[in-house]
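Undergrad: For reference, the file coords-v1.csv (CSV, C-alpha atoms) is included below:
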chain,number,residue,atom,x,y,z
U,16,MET,CA,-27.4,138.1,134.3
U,17,SER,CA,-28.1,135.5,131.6
U,18,ARG,CA,-25.1,136.7,129.6
U,19,ILE,CA,-22.8,136.3,132.6
U,20,SER,CA,-24.2,132.9,133.3
U,21,ASN,CA,-23.6,131.7,129.7
U,22,ARG,CA,-20.0,132.9,129.9
U,23,ASP,CA,-19.4,131.0,133.2
U,24,ARG,CA,-21.0,127.9,131.8
U,25,ILE,CA,-18.8,128.1,128.7
U,26,LEU,CA,-15.7,128.4,130.9
U,27,SER,CA,-16.5,125.7,133.4
U,28,GLU,CA,-17.7,123.1,130.8
U,29,GLY,CA,-15.1,124.3,128.4
U,30,LEU,CA,-12.4,123.6,131.0
U,31,ARG,CA,-13.7,120.0,131.4
U,32,VAL,CA,-13.8,119.4,127.6
U,33,VAL,CA,-10.3,121.0,127.1
U,34,HIS,CA,-8.9,118.9,129.9
U,35,GLN,CA,-10.3,115.7,128.4
U,36,GLN,CA,-9.7,116.3,124.7
U,37,GLY,CA,-6.8,118.8,124.7
U,38,PHE,CA,-7.0,122.4,123.5
U,39,GLY,CA,-6.6,121.5,119.8
U,40,GLY,CA,-8.9,118.5,120.1
U,41,ALA,CA,-11.8,120.5,121.7
U,42,SER,CA,-13.7,122.4,118.9
U,43,VAL,CA,-15.8,125.5,119.7
U,44,ARG,CA,-18.8,123.2,118.7
U,45,ASP,CA,-17.8,120.7,121.4
U,46,ILE,CA,-17.5,123.5,124.0
U,47,ILE,CA,-20.8,125.2,123.3
U,48,GLY,CA,-22.4,121.7,123.0
U,49,ALA,CA,-21.2,120.8,126.5
U,50,ALA,CA,-22.2,124.2,127.9
U,51,GLY,CA,-25.6,123.9,126.3
U,52,VAL,CA,-25.5,127.5,125.0
U,53,PRO,CA,-26.4,128.9,121.6
U,54,GLN,CA,-23.8,129.0,118.8
U,55,GLY,CA,-23.3,132.8,118.9
U,56,SER,CA,-22.6,132.8,122.6
U,57,PHE,CA,-19.0,131.8,122.3
U,58,THR,CA,-18.1,134.7,120.0
U,59,ASN,CA,-20.1,137.1,122.1
U,60,HIS,CA,-18.0,136.3,125.1
U,61,PHE,CA,-14.5,135.5,123.7
U,62,ALA,CA,-12.5,137.4,121.1
U,63,SER,CA,-10.9,134.2,119.9
U,64,LYS,CA,-10.3,130.5,120.8
U,65,GLU,CA,-6.9,131.6,122.2
U,66,ALA,CA,-8.6,134.2,124.4
U,67,PHE,CA,-10.9,131.5,125.7
U,68,GLY,CA,-7.9,129.1,126.2
U,69,LEU,CA,-6.1,131.8,128.3
U,70,GLU,CA,-9.1,132.1,130.6
U,71,VAL,CA,-9.5,128.3,130.9
U,72,LEU,CA,-5.8,128.1,131.8
U,73,ASN,CA,-6.1,130.8,134.5
U,74,LEU,CA,-9.2,129.0,135.9
U,75,TYR,CA,-7.3,125.7,136.1
U,76,TYR,CA,-4.2,127.4,137.6
U,77,ALA,CA,-6.4,129.0,140.3
U,78,SER,CA,-7.1,125.4,141.6
U,79,ALA,CA,-3.5,124.3,141.3
U,80,LYS,CA,-2.4,127.4,143.2
U,81,ALA,CA,-4.9,126.8,146.0
U,82,ARG,CA,-3.7,123.2,146.2
U,83,MET,CA,-0.1,124.5,146.6
U,84,ALA,CA,-1.1,127.0,149.3
U,85,GLU,CA,-2.9,124.2,151.3
U,86,THR,CA,0.1,121.9,151.1
U,87,LEU,CA,3.4,123.5,150.4
U,88,LEU,CA,2.7,126.6,152.4
U,89,ASP,CA,0.9,124.9,155.3
U,90,GLU,CA,3.0,126.0,158.3
U,91,ARG,CA,1.4,123.5,160.6
U,92,LEU,CA,3.4,120.8,158.9
U,93,ALA,CA,7.1,120.2,158.8
U,94,PRO,CA,8.4,121.5,155.5
U,95,LEU,CA,9.2,118.1,153.9
U,96,GLN,CA,5.8,116.8,155.1
U,97,ARG,CA,4.2,119.7,153.1
U,98,MET,CA,6.1,118.5,150.1
U,99,ARG,CA,4.9,114.9,150.6
U,100,LYS,CA,1.4,116.1,151.0
U,101,TRP,CA,1.5,118.2,147.8
U,102,VAL,CA,2.8,115.2,145.7
U,103,GLY,CA,0.3,112.9,147.3
U,104,VAL,CA,-2.7,115.3,146.6
U,105,ILE,CA,-1.6,115.6,143.0
U,106,LYS,CA,-1.2,111.8,142.6
U,107,THR,CA,-4.8,111.3,144.0
U,108,ALA,CA,-6.2,114.0,141.7
U,109,ILE,CA,-4.5,112.5,138.6
U,110,GLY,CA,-5.6,109.0,139.6
U,111,GLU,CA,-9.3,110.1,139.9
U,112,GLY,CA,-9.3,110.8,136.1
U,113,ASP,CA,-7.9,107.3,135.4
U,114,SER,CA,-4.6,109.1,134.9
U,115,LYS,CA,-5.8,109.9,131.3
U,116,THR,CA,-6.4,113.6,131.4
U,117,GLY,CA,-3.0,114.6,132.9
U,118,CYS,CA,-2.2,118.1,134.0
U,119,MET,CA,-3.7,120.9,131.9
U,120,LEU,CA,-0.5,123.0,132.4
U,121,GLY,CA,1.6,120.2,130.8
U,122,ASN,CA,-0.9,119.5,128.1
U,123,PHE,CA,-1.0,123.2,127.1
U,124,SER,CA,2.8,123.3,127.2
U,125,ALA,CA,2.9,120.4,124.7
U,126,GLU,CA,0.3,121.7,122.3
U,127,ALA,CA,0.0,125.4,122.5
U,128,THR,CA,3.5,126.8,122.7
U,129,HIS,CA,4.7,126.5,119.1
U,130,CYS,CA,3.1,129.9,118.5
U,131,ASP,CA,4.7,132.5,120.8
U,132,GLY,CA,1.3,133.8,121.9
U,133,CYS,CA,-0.3,134.8,125.1
U,134,ILE,CA,-0.8,131.2,126.2
U,135,ARG,CA,2.9,130.3,126.1
U,136,LYS,CA,3.8,133.5,128.0
U,137,ARG,CA,1.2,132.8,130.6
U,138,LEU,CA,2.5,129.2,131.0
U,139,ALA,CA,6.0,130.5,131.6
U,140,GLU,CA,4.8,132.9,134.3
U,141,ILE,CA,2.7,130.2,136.0
U,142,PHE,CA,5.7,127.8,136.0
U,143,ASP,CA,7.9,130.5,137.5
U,144,GLU,CA,5.4,131.2,140.2
U,145,MET,CA,5.0,127.5,141.0
U,146,GLN,CA,8.8,127.0,141.1
U,147,ALA,CA,9.0,130.0,143.6
U,148,THR,CA,6.4,128.3,145.8
U,149,ILE,CA,8.3,125.0,145.8
U,150,ALA,CA,11.5,126.9,146.6
U,151,THR,CA,9.8,128.6,149.5
U,152,CYS,CA,9.0,125.2,151.0
U,153,LEU,CA,12.5,123.9,150.4
U,154,GLU,CA,14.0,127.1,152.1
U,155,ALA,CA,11.7,126.3,155.1
U,156,ALA,CA,13.2,122.8,155.1
U,157,VAL,CA,16.7,124.2,155.2
U,158,GLN,CA,15.7,126.6,158.1
U,159,ALA,CA,14.2,123.7,160.0
U,160,GLY,CA,17.4,121.6,159.5
U,161,GLU,CA,15.6,119.0,157.3
U,162,LEU,CA,17.9,119.9,154.4
U,163,PRO,CA,21.6,120.9,154.7
U,164,ALA,CA,22.6,124.6,154.7
U,165,GLY,CA,23.6,125.7,151.3
U,166,PHE,CA,21.1,123.3,149.6
U,167,ASN,CA,20.3,124.7,146.1
U,168,CYS,CA,16.6,125.4,146.7
U,169,ALA,CA,15.9,127.3,143.4
U,170,GLU,CA,17.5,124.7,141.1
U,171,THR,CA,15.9,121.8,143.0
U,172,ALA,CA,12.5,123.5,142.9
U,173,GLY,CA,12.8,123.7,139.1
U,174,PHE,CA,13.8,120.1,139.0
U,175,ILE,CA,10.9,119.0,141.1
U,176,LEU,CA,8.4,121.0,139.0
U,177,SER,CA,9.5,119.6,135.7
U,178,SER,CA,10.0,116.1,137.0
U,179,MET,CA,6.4,116.2,138.4
U,180,GLN,CA,5.1,117.3,135.0
U,181,GLY,CA,7.0,114.5,133.3
U,182,ALA,CA,5.7,111.9,135.7
U,183,ILE,CA,2.1,113.1,135.1
U,184,LEU,CA,2.7,113.0,131.3
U,185,LEU,CA,4.0,109.4,131.4
U,186,ALA,CA,1.2,108.4,133.8
U,187,LYS,CA,-1.2,109.7,131.1
U,188,ALA,CA,0.5,107.7,128.3
U,189,HIS,CA,0.5,104.5,130.4
U,190,ARG,CA,-2.9,105.2,132.1
U,191,ASP,CA,-1.1,104.1,135.3
U,192,LEU,CA,0.1,106.0,138.3
U,193,ALA,CA,3.4,104.1,138.5
U,194,PRO,CA,5.5,107.0,137.0
U,195,ILE,CA,4.3,109.3,139.8
U,196,THR,CA,5.1,106.7,142.4
U,197,GLN,CA,8.6,106.3,141.0
U,198,PHE,CA,9.0,110.1,141.1
U,199,GLU,CA,7.9,110.2,144.7
U,200,GLN,CA,10.3,107.4,145.7
U,201,VAL,CA,13.3,108.9,144.1
U,202,LEU,CA,12.5,112.5,145.2
U,203,PHE,CA,12.3,111.6,148.9
U,204,SER,CA,15.0,108.9,149.0
U,205,LYS,CA,17.6,110.7,146.9
U,206,VAL,CA,17.0,114.3,146.0
U,207,LEU,CA,15.6,115.5,149.4
U,208,ALA,CA,17.4,112.9,151.5
T,11,MET,CA,7.7,104.4,92.1
T,12,SER,CA,5.9,107.7,92.1
T,13,ARG,CA,3.4,106.4,94.7
T,14,ILE,CA,6.1,105.2,97.0
T,15,SER,CA,7.9,108.5,96.7
T,16,ASN,CA,4.8,110.5,97.6
T,17,ARG,CA,4.2,108.4,100.6
T,18,ASP,CA,7.8,109.0,101.8
T,19,ARG,CA,7.4,112.7,101.2
T,20,ILE,CA,4.2,112.8,103.2
T,21,LEU,CA,5.9,111.0,106.1
T,22,SER,CA,9.1,113.0,106.2
T,23,GLU,CA,7.4,116.4,105.7
T,24,GLY,CA,4.5,115.4,107.8
T,25,LEU,CA,6.9,114.5,110.7
T,26,ARG,CA,8.4,118.0,110.5
T,27,VAL,CA,4.9,119.7,110.4
T,28,VAL,CA,3.6,117.5,113.3
T,29,HIS,CA,6.7,118.2,115.4
T,30,GLN,CA,6.3,121.9,114.9
T,31,GLN,CA,2.5,122.3,115.1
T,32,GLY,CA,1.5,119.3,117.2
T,33,PHE,CA,-0.6,116.4,115.9
T,34,GLY,CA,-4.0,118.1,116.4
T,35,GLY,CA,-2.6,121.4,115.1
T,36,ALA,CA,-1.3,119.9,111.8
T,37,SER,CA,-4.2,119.5,109.4
T,38,VAL,CA,-4.1,117.1,106.5
T,39,ARG,CA,-4.1,120.2,104.3
T,40,ASP,CA,-0.9,121.5,106.1
T,41,ILE,CA,0.8,118.1,105.6
T,42,ILE,CA,0.1,117.6,101.9
T,43,GLY,CA,0.9,121.3,101.4
T,44,ALA,CA,4.3,120.8,103.0
T,45,ALA,CA,4.9,117.5,101.1
T,46,GLY,CA,3.9,119.2,97.8
T,47,VAL,CA,1.6,116.3,96.8
T,48,PRO,CA,-1.9,116.2,95.4
T,49,GLN,CA,-4.9,116.2,97.8
T,50,GLY,CA,-5.9,112.6,97.1
T,51,SER,CA,-2.4,111.4,97.9
T,52,PHE,CA,-2.9,111.3,101.7
T,53,THR,CA,-6.0,109.1,101.6
T,54,ASN,CA,-4.4,106.9,99.0
T,55,HIS,CA,-1.6,106.1,101.4
T,56,PHE,CA,-3.1,106.3,104.9
T,57,ALA,CA,-6.3,104.8,106.1
T,58,SER,CA,-6.8,107.7,108.6
T,59,LYS,CA,-5.0,110.6,110.3
T,60,GLU,CA,-4.4,108.3,113.2
T,61,ALA,CA,-2.8,105.7,111.0
T,62,PHE,CA,-0.5,108.4,109.6
T,63,GLY,CA,0.2,109.6,113.2
T,64,LEU,CA,1.3,106.1,114.2
T,65,GLU,CA,3.8,106.0,111.3
T,66,VAL,CA,5.2,109.4,112.1
T,67,LEU,CA,5.6,108.3,115.7
T,68,ASN,CA,7.5,105.2,114.6
T,69,LEU,CA,9.7,107.2,112.3
T,70,TYR,CA,10.5,109.7,115.1
T,71,TYR,CA,11.2,106.9,117.6
T,72,ALA,CA,13.6,105.2,115.2
T,73,SER,CA,15.9,108.3,115.5
T,74,ALA,CA,15.4,108.4,119.3
T,75,LYS,CA,16.3,104.7,119.5
T,76,ALA,CA,19.4,105.1,117.4
T,77,ARG,CA,20.5,108.0,119.6
T,78,MET,CA,20.1,105.8,122.7
T,79,ALA,CA,22.1,103.0,121.1
T,80,GLU,CA,24.9,105.4,120.2
T,81,THR,CA,25.1,106.8,123.7
T,82,LEU,CA,23.5,104.6,126.5
T,83,LEU,CA,24.8,101.4,124.9
T,84,ASP,CA,28.2,102.6,123.8
T,85,GLU,CA,30.4,100.1,125.6
T,86,ARG,CA,33.6,102.2,124.8
T,87,LEU,CA,32.5,104.7,127.5
T,88,ALA,CA,32.1,104.2,131.3
T,89,PRO,CA,28.3,103.7,132.0
T,90,LEU,CA,27.7,107.0,133.7
T,91,GLN,CA,29.6,108.7,130.9
T,92,ARG,CA,27.1,107.1,128.5
T,93,MET,CA,24.3,108.6,130.5
T,94,ARG,CA,25.9,112.0,130.4
T,95,LYS,CA,26.4,111.8,126.7
T,96,TRP,CA,22.7,110.8,126.1
T,97,VAL,CA,21.4,113.7,128.2
T,98,GLY,CA,23.8,116.1,126.4
T,99,VAL,CA,22.9,114.9,122.9
T,100,ILE,CA,19.2,115.4,123.7
T,101,LYS,CA,19.8,118.9,125.2
T,102,THR,CA,21.7,119.9,122.0
T,103,ALA,CA,18.9,118.5,119.8
T,104,ILE,CA,16.2,120.3,121.7
T,105,GLY,CA,18.2,123.6,121.7
T,106,GLU,CA,18.6,123.4,117.9
T,107,GLY,CA,14.9,123.9,117.5
T,108,ASP,CA,15.0,126.9,119.9
T,109,SER,CA,13.5,124.5,122.5
T,110,LYS,CA,10.1,125.2,121.0
T,111,THR,CA,9.2,121.9,119.4
T,112,GLY,CA,10.0,119.7,122.3
T,113,CYS,CA,10.0,115.9,122.1
T,114,MET,CA,7.4,114.4,119.8
T,115,LEU,CA,6.9,111.5,122.2
T,116,GLY,CA,6.0,113.9,125.0
T,117,ASN,CA,3.8,116.0,122.7
T,118,PHE,CA,1.9,112.9,121.5
T,119,SER,CA,1.5,111.8,125.1
T,120,ALA,CA,-0.1,115.1,126.0
T,121,GLU,CA,-2.5,115.4,123.1
T,122,ALA,CA,-3.2,112.0,121.6
T,123,THR,CA,-3.8,109.7,124.6
T,124,HIS,CA,-7.3,110.7,125.8
T,125,CYS,CA,-8.6,108.2,123.2
T,126,ASP,CA,-7.3,104.7,124.0
T,127,GLY,CA,-6.2,104.1,120.4
T,128,CYS,CA,-3.2,102.7,118.7
T,129,ILE,CA,-1.1,105.8,119.3
T,130,ARG,CA,-1.5,105.6,123.1
T,131,LYS,CA,-0.6,101.9,123.1
T,132,ARG,CA,2.4,102.4,120.9
T,133,LEU,CA,3.6,105.3,123.2
T,134,ALA,CA,3.4,103.0,126.2
T,135,GLU,CA,5.4,100.4,124.4
T,136,ILE,CA,8.0,102.9,123.3
T,137,PHE,CA,8.4,104.3,126.9
T,138,ASP,CA,8.8,100.7,128.3
T,139,GLU,CA,11.5,100.0,125.7
T,140,MET,CA,13.3,103.3,126.5
T,141,GLN,CA,13.1,102.6,130.3
T,142,ALA,CA,14.6,99.2,129.7
T,143,THR,CA,17.5,100.7,127.7
T,144,ILE,CA,18.2,103.3,130.5
T,145,ALA,CA,18.0,100.4,133.1
T,146,THR,CA,20.6,98.5,131.0
T,147,CYS,CA,23.0,101.4,131.3
T,148,LEU,CA,22.4,101.7,135.1
T,149,GLU,CA,23.0,98.0,135.6
T,150,ALA,CA,26.3,98.4,133.8
T,151,ALA,CA,27.1,101.2,136.2
T,152,VAL,CA,26.4,98.9,139.1
T,153,GLN,CA,28.6,96.2,137.6
T,154,ALA,CA,31.4,98.8,137.1
T,155,GLY,CA,31.1,99.9,140.7
T,156,GLU,CA,29.9,103.4,139.6
T,157,LEU,CA,26.6,102.9,141.5
T,158,PRO,CA,26.2,100.8,144.7
T,159,ALA,CA,25.2,97.2,144.6
T,160,GLY,CA,21.4,96.9,145.2
T,161,PHE,CA,20.8,100.2,143.4
T,162,ASN,CA,17.2,100.2,142.1
T,163,CYS,CA,17.9,100.4,138.4
T,164,ALA,CA,14.4,99.8,137.1
T,165,GLU,CA,12.7,102.4,139.3
T,166,THR,CA,15.5,105.0,138.7
T,167,ALA,CA,15.3,104.3,134.9
T,168,GLY,CA,11.6,105.2,135.0
T,169,PHE,CA,12.3,108.3,137.0
T,170,ILE,CA,15.0,109.4,134.6
T,171,LEU,CA,12.8,108.9,131.5
T,172,SER,CA,9.8,110.8,132.9
T,173,SER,CA,12.0,113.6,134.4
T,174,MET,CA,13.7,114.1,131.1
T,175,GLN,CA,10.3,114.4,129.4
T,176,GLY,CA,9.2,116.9,132.0
T,177,ALA,CA,12.4,119.0,131.6
T,178,ILE,CA,11.9,119.0,127.8
T,179,LEU,CA,8.3,120.1,128.3
T,180,LEU,CA,9.2,123.0,130.5
T,181,ALA,CA,12.0,124.0,128.2
T,182,LYS,CA,9.4,124.2,125.4
T,183,ALA,CA,7.1,126.4,127.6
T,184,HIS,CA,10.0,128.7,128.6
T,185,ARG,CA,11.8,128.5,125.2
T,186,ASP,CA,14.9,128.1,127.3
T,187,LEU,CA,17.2,125.1,128.0
T,188,ALA,CA,17.4,125.9,131.8
T,189,PRO,CA,15.0,123.1,132.9
T,190,ILE,CA,17.2,120.5,131.1
T,191,THR,CA,20.3,121.9,132.7
T,192,GLN,CA,18.6,121.7,136.1
T,193,PHE,CA,17.6,118.1,135.4
T,194,GLU,CA,21.2,117.3,134.4
T,195,GLN,CA,22.6,118.9,137.6
T,196,VAL,CA,20.3,117.2,140.0
T,197,LEU,CA,20.5,113.8,138.2
T,198,PHE,CA,24.3,113.6,138.4
T,199,SER,CA,24.8,115.3,141.7
T,200,LYS,CA,22.0,113.6,143.6
T,201,VAL,CA,20.2,110.7,141.9
T,202,LEU,CA,23.3,109.0,140.4
T,203,ALA,CA,25.8,110.3,143.0
Turn the structure described in the file into structure tokens.

TA:
Amino acid sequence: MSRISNRDRILSEGLRVVHQQGFGGASVRDIIGAAGVPQGSFTNHFASKEAFGLEVLNLYYASAKARMAETLLDERLAPLQRMRKWVGVIKTAIGEGDSKTGCMLGNFSAEATHCDGCIRKRLAEIFDEMQATIATCLEAAVQAGELPAGFNCAETAGFILSSMQGAILLAKAHRDLAPITQFEQVLFSKVLA
Amino acid sequence: MSRISNRDRILSEGLRVVHQQGFGGASVRDIIGAAGVPQGSFTNHFASKEAFGLEVLNLYYASAKARMAETLLDERLAPLQRMRKWVGVIKTAIGEGDSKTGCMLGNFSAEATHCDGCIRKRLAEIFDEMQATIATCLEAAVQAGELPAGFNCAETAGFILSSMQGAILLAKAHRDLAPITQFEQVLFSKVLA
């Protein structure tokens, strides 16, 4: 029981430290310090820092995925309302951290993809899955007549996903939500008009 | 002379190493190793790794700025042609590195902004300057009748800048230029239509 509990503590506190300091900027010492576990505990539970990073990434994505399900796939709302809700929920979440931590998926993309390891491959899978969920919402909007027949849902979904990541990245650099607000404005007044 | 030359070598080779491995992922040992200079040379020339990072950032931005001047501000072309040329030139540059290094401005934004130091402040200034240059090109498009009167140039410029960063970031995660192509398509068919 105690071993499992140390592992969970390393993951949950490690996620917080990695989100705040970046994957490269968070040393194993920082992580075990935050988790309040003994030195050897990290190596007992994780084969490498990359193996730990992959689990942290999956843990973070589980929340992002739940957030998408609660918004983009919420059939009680009109499809473009779902999209507005998703963007709004992310904006609120980013703002809570003073915009400075950004999105961990984007942060990992910037700093952990020069090596073609398991983290890069998992990120590519995650982004594909997110793009497919966004496309599902856009297809529902076409069905509902909110977007024209023949609307390119797959391409636009890719555009929305990457533009959202870029807006979060610039919000992090500026410590200001304005880039996300600009994204929201242009998305709904031009791209999904 | 020799001291100046070591400094330049540390900066030019350091820029390459930081672009490939990230700022956190590039140790001082990696940098002096690539520059082929003695151990003490780094500390002789830079007060800290952050001071070195700021100079690398400025060196990288000088190229990005020149690229903007040669495209977005090239008055021999119609304004929206300038924009197409800028996006195309960036896409080519990103593709040359197998899409895996990304844009150093975005990479620094992801990993060097949790501390509110000189690098974050410089990034915010750089992005403001880039947004103003994009806005200048959009204003020229309004003047030329390529965009409607009353077009929100400032907001759209911010959107273009952050969306471009996001597309480069996802291209890096996927090691594929498709996110930049999607951005290009949606930008010219919807946002600037």

Undergrad: Over all C-alpha pairs taken in order, what is the RMSD once chain U has been least-squares superposed onto chain T?

TA: 0.1 Å

Undergrad: Hey, which of T:Leu171, T:Ala183, T:Val97, T:Cys163 ends up closest to Gly132 (chain U)? Count only C-alpha atoms.

TA: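 Of T:Leu171, T:Ala183, T:Val97, T:Cys163, the one nearest Gly132 (chain U) is T:Ala183, counting only C-alpha atoms.
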
Undergrad: In Å, with one decimal, what is the gap from CA of Ala44 (chain T) to CA of Ile129 (chain T)?

TA: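 CA of Ile129 (chain T) lies 22.8 Å from CA of Ala44 (chain T).
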
Undergrad: Counting all atoms listed in the file, which residues of chain T come no farther than 8 Å from chain U, as a PyMOL selection string?

TA: chain T and resi 30-32+34-35+110-112+116-117+119-121+123-124+130-131+133-134+165-166+168-169+172-177+179-180+182-184+189+192-193+196+200-201

Undergrad: In Å to one decimal, how far is CA of Leu82 (chain T) from CA of Gly155 (chain T)?

TA: 16.8 Å

Undergrad: Out of T:Ala88, T:Ala150, T:Val99, T:Ala57, which residue has the shortest atom-to-atom distance to Ala76 (chain T) when counting only C-alpha atoms?

TA: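 With only C-alpha atoms as the atom set, the closest residue is T:Val99.
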
Undergrad: Which residue is closest to Leu69 (chain T)? Choose from T:Ala151, T:Pro48, T:Leu87, T:Leu25 and count only C-alpha atoms.

TA: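 The answer is T:Leu25, which sits nearest to Leu69 (chain T).
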
Undergrad: Could you check which residues have any atom within 8 Å of (10.0, 110.0, 108.5), counting all atoms listed in the file with coordinates taken straight from the file, and then list them as a PyMOL selection string?

TA: chain T and resi 18+21-25+65-66+69-70

Undergrad: Which value, in Å to one decimal, gives the distance between CA of Glu85 (chain U) and CA of Trp101 (chain U)?

TA: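 Those two atoms sit 8.2 Å apart.
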
Undergrad: When distances are computed from only C-alpha atoms, which of T:Ala103, T:Ala154, T:Ser37, T:Glu60 shows the smallest separation from Ser73 (chain T)?

TA: T:Ala103

Undergrad: Using the file's own x, y and z axes, so that the box edges lie along x, y and z, what centre and edge lengths in Å (one decimal) does a box around every listed atom of region 163-178 of chain U get when 3 Å is added on each side? Give it as JSON.

TA:
{"center_x": 16.0, "center_y": 121.7, "center_z": 145.2, "size_x": 21.2, "size_y": 17.2, "size_z": 25.0}

Undergrad: Could you extract region 116-169 of chain T of the given structure into a file holding C-alpha atoms, as a tab-separated table (two decimals), in the first residue's frame?

TA:
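Contents of part.tsv, freshly written:
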chain	number	residue	atom	x	y	z
T	116	GLY	CA	7.86	29.36	-29.35
T	117	ASN	CA	10.27	26.94	-27.70
T	118	PHE	CA	11.57	29.65	-25.35
T	119	SER	CA	7.94	30.66	-24.62
T	120	ALA	CA	7.14	27.12	-23.52
T	121	GLU	CA	10.16	26.49	-21.36
T	122	ALA	CA	11.63	29.78	-20.18
T	123	THR	CA	8.68	31.84	-19.06
T	124	HIS	CA	7.67	30.28	-15.73
T	125	CYS	CA	10.29	32.59	-14.18
T	126	ASP	CA	9.42	36.20	-14.81
T	127	GLY	CA	12.95	37.04	-15.93
T	128	CYS	CA	14.55	38.94	-18.77
T	129	ILE	CA	13.85	36.17	-21.32
T	130	ARG	CA	10.09	36.28	-20.77
T	131	LYS	CA	10.04	40.09	-20.98
T	132	ARG	CA	12.11	40.08	-24.18
T	133	LEU	CA	9.79	37.45	-25.74
T	134	ALA	CA	6.76	39.62	-24.98
T	135	GLU	CA	8.47	42.61	-26.64
T	136	ILE	CA	9.46	40.52	-29.67
T	137	PHE	CA	5.91	39.20	-30.12
T	138	ASP	CA	4.50	42.75	-29.83
T	139	GLU	CA	6.92	43.91	-32.53
T	140	MET	CA	6.05	40.97	-34.81
T	141	GLN	CA	2.32	41.56	-34.31
T	142	ALA	CA	2.80	45.23	-35.28
T	143	THR	CA	4.64	44.21	-38.48
T	144	ILE	CA	1.86	41.78	-39.43
T	145	ALA	CA	-0.70	44.52	-38.71
T	146	THR	CA	1.21	46.91	-41.02
T	147	CYS	CA	0.85	44.39	-43.85
T	148	LEU	CA	-2.88	43.94	-43.13
T	149	GLU	CA	-3.40	47.71	-43.08
T	150	ALA	CA	-1.74	47.90	-46.49
T	151	ALA	CA	-4.19	45.21	-47.67
T	152	VAL	CA	-7.10	47.34	-46.44
T	153	GLN	CA	-5.63	50.39	-48.24
T	154	ALA	CA	-5.26	48.34	-51.42
T	155	GLY	CA	-8.85	47.11	-51.17
T	156	GLU	CA	-7.78	43.48	-50.64
T	157	LEU	CA	-9.50	43.50	-47.24
T	158	PRO	CA	-12.68	45.42	-46.36
T	159	ALA	CA	-12.57	48.84	-44.71
T	160	GLY	CA	-12.97	48.46	-40.96
T	161	PHE	CA	-11.11	45.13	-40.94
T	162	ASN	CA	-9.68	44.57	-37.43
T	163	CYS	CA	-5.99	44.53	-38.36
T	164	ALA	CA	-4.56	44.54	-34.82
T	165	GLU	CA	-6.71	41.65	-33.56
T	166	THR	CA	-6.19	39.60	-36.72
T	167	ALA	CA	-2.43	40.22	-36.57
T	168	GLY	CA	-2.36	38.78	-33.03
T	169	PHE	CA	-4.39	35.82	-34.21
